[in-house]
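Q: Once you've had a glance at the structure underneath, I'll fire off some questions.
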Amino acid sequence: MRAEDGGAVGNPVTLRGIKAGGQRPIIQGGANSIEFRLVENVVFEGFEIVGTTAPTRTFRCLYHHGHNLLVRDAKIHACPDHGVLGADQDSGSLTIEYSEIYDGGSGDTRHVIYMATDEVAYPGAVFRLQHSYVHNSNGGNLIKSRAERNEIYHNWLEGAFYHELELIGPDPGGAASGWSEGLAREDSDVVGNVIVHSSDFSAIIRLGGDGTGQSQGRYRFANNTIVRINGNNDTPTVFRLFDGLESVQMYNNLIFREGSSAVRLIREVEASWVGGMSRIAGANNYYETGSTFVPPGWTGSLVSAAPGLVNVAGLDLHLSDTSTLKDGGSATSSFSNYEFPSPLNTPGFDPVRQLQAPGTAKVRGVSGAGIDVGAFEVPDAARIFRDGFES
């Protein structure tokens, strides 16, 4: 789609696939299977995008360099290089929701989702990923983003080759003329997700930079369930802090490693803190007994041998009814002098390990005296049955 194909703010052009027998229309092959080129105000929904290796190798299954784009109810897979790629230049805000993206990435520079925004052309642009299932990377990171602001809400993320999330700064080598590192700060709000790490790579999440661009940014993680499975008694790093960043806040997260070893919660020897001082705050996070490098700024931590998940082997990562993490969360507070701008204060929906139909995400409420730790809420039986049954 080109510039002349777009709509207006509040009146987007909608490109909708009409399903037949439950099957989405398929867009397959090409160097770029679908490209949004300098187009604005578009809804793209109801399609399946499939990459190819011959006769043409697909470099990008979905290529974003437009603005105010919504990708919904999409299935994107078999992408030998990038699944979704955002250009360094001419790319503004993009929302992906109710979609499944998988079987992509290669080597160490091509990713299932690789996002960027142009801070010169579209200052304040946002990459939002919500209600989606992103999984099974063949190389690279599952999600890598250089966007000015990332909002990662209510997703199931699983199976990166390297990091499940890498949230960093723009690439100076690709940025638009007029860009400088001080033009904007890159922030990320990560709330209500399940993040499952199954590869042999030793770090789950990287924040700050990758040796090219650094964010100097603020990061916030709330009510995520982060689980490392299939490990060979390794001790993985959960949060790898690298290059320039300003602060990290963490609230009500559940961090668990399957097997006999625990985790290293933080690695910051590679970090370059703005102002030269480590700033990690948080409250009411769960981690296993024996975990190391616990941030001194965490308060009210919940520590035990096991969190009381229903079935880790089966990836049912809900809390059991007897879990001590029920009602164990707290209201997320602000990091004094380093407040996160416009956060999602509490998760509103459950993440699901499958493609969901648009609008069907299960609402998450607060069932007891307080919010539960992690990405799911245990239903309060007393509340459910308090008013009896309807006849």
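Each chain in the structure tokens gets a letter, A, B, ..., in the order shown, and its residues are numbered from 1; ligands are numbered from 1 in order too.
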Give me the residues within 8 Å of Leu62 of chain A as a compact mmCIF listing (two decimals) with N, CA and C atoms, in the first residue's frame, counting only C-alpha atoms and dropping any in the same chain fewer than 6 places off.
A:
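Now in part.txt:
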```
# COMPACT_ATOMS: atom_id res chain seq x y z
N ASN A 32 9.02 -8.70 -0.05
CA ASN A 32 8.15 -8.16 0.99
C ASN A 32 6.74 -8.66 0.69
N SER A 33 6.22 -9.54 1.52
CA SER A 33 4.90 -10.10 1.21
C SER A 33 3.82 -9.04 1.25
N ILE A 34 3.85 -8.17 2.25
CA ILE A 34 2.96 -7.01 2.32
C ILE A 34 3.78 -5.84 2.82
N GLU A 35 3.66 -4.70 2.13
CA GLU A 35 4.44 -3.52 2.48
C GLU A 35 3.52 -2.32 2.63
N ILE A 49 -0.22 -14.40 6.17
CA ILE A 49 0.96 -14.03 5.39
C ILE A 49 1.99 -15.14 5.56
N GLY A 83 9.88 -11.67 10.30
CA GLY A 83 8.43 -11.80 10.27
C GLY A 83 7.78 -10.45 10.03
N VAL A 84 7.96 -9.54 10.99
CA VAL A 84 7.48 -8.15 10.87
C VAL A 84 8.69 -7.25 11.06
N LEU A 85 8.90 -6.33 10.13
CA LEU A 85 10.03 -5.40 10.23
C LEU A 85 9.53 -3.97 10.11
```
Q: Please report, as an MDAnalysis selection string, each residue of segment 63-250 of chain A to which DSSP assigns strand (DSSP E or B) when run on this structure's backbone.
A: chainID A and resid 63:72 75:77 79 82:86 94:97 100:104 106 110 113:115 126:130 133:137 143:145 149:153 156:158 165:168 187:191 194:197 203:209 214 217:222 225:228 237:250
Q: For Asn252 of chain A, please output as a ChimeraX atom specification all residues within 9 Å (counting only C-alpha atoms; exclusion window: fewer than 6 positions along the same chain).
A: /A:221-224,282-286,301,328-332,371-375
Q: Calculated over only C-alpha atoms, which of the candidates A:Ser180, A:Thr292, A:Ser132, A:Asn141 has the smallest distance to Ala203 of chain A?
A: A:Asn141
Q: Could you name the residues that touch segment 156-170 of chain A at 7 Å or less, counting only C-alpha atoms, but leaving out those on the same chain fewer than 2 positions away, as a PyMOL selection string?
A: chain A and resi 116+132-146+172+175+186+193-199+201+203-210+213-215+351-353
Q: Please list as number ranges by chain every residue within 10 Å of Asn41 of chain A, counting only C-alpha atoms and excluding residues in the same chain fewer than 6 positions away.
A: A: 3, 5-14, 66-70, 93-94
Q: What does the distance between atom CA of Glu45 of chain A and atom CA of Thr58 of chain A come to in Å, to one decimal place?
A: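 Here the two named atoms are 20.5 Å from each other.
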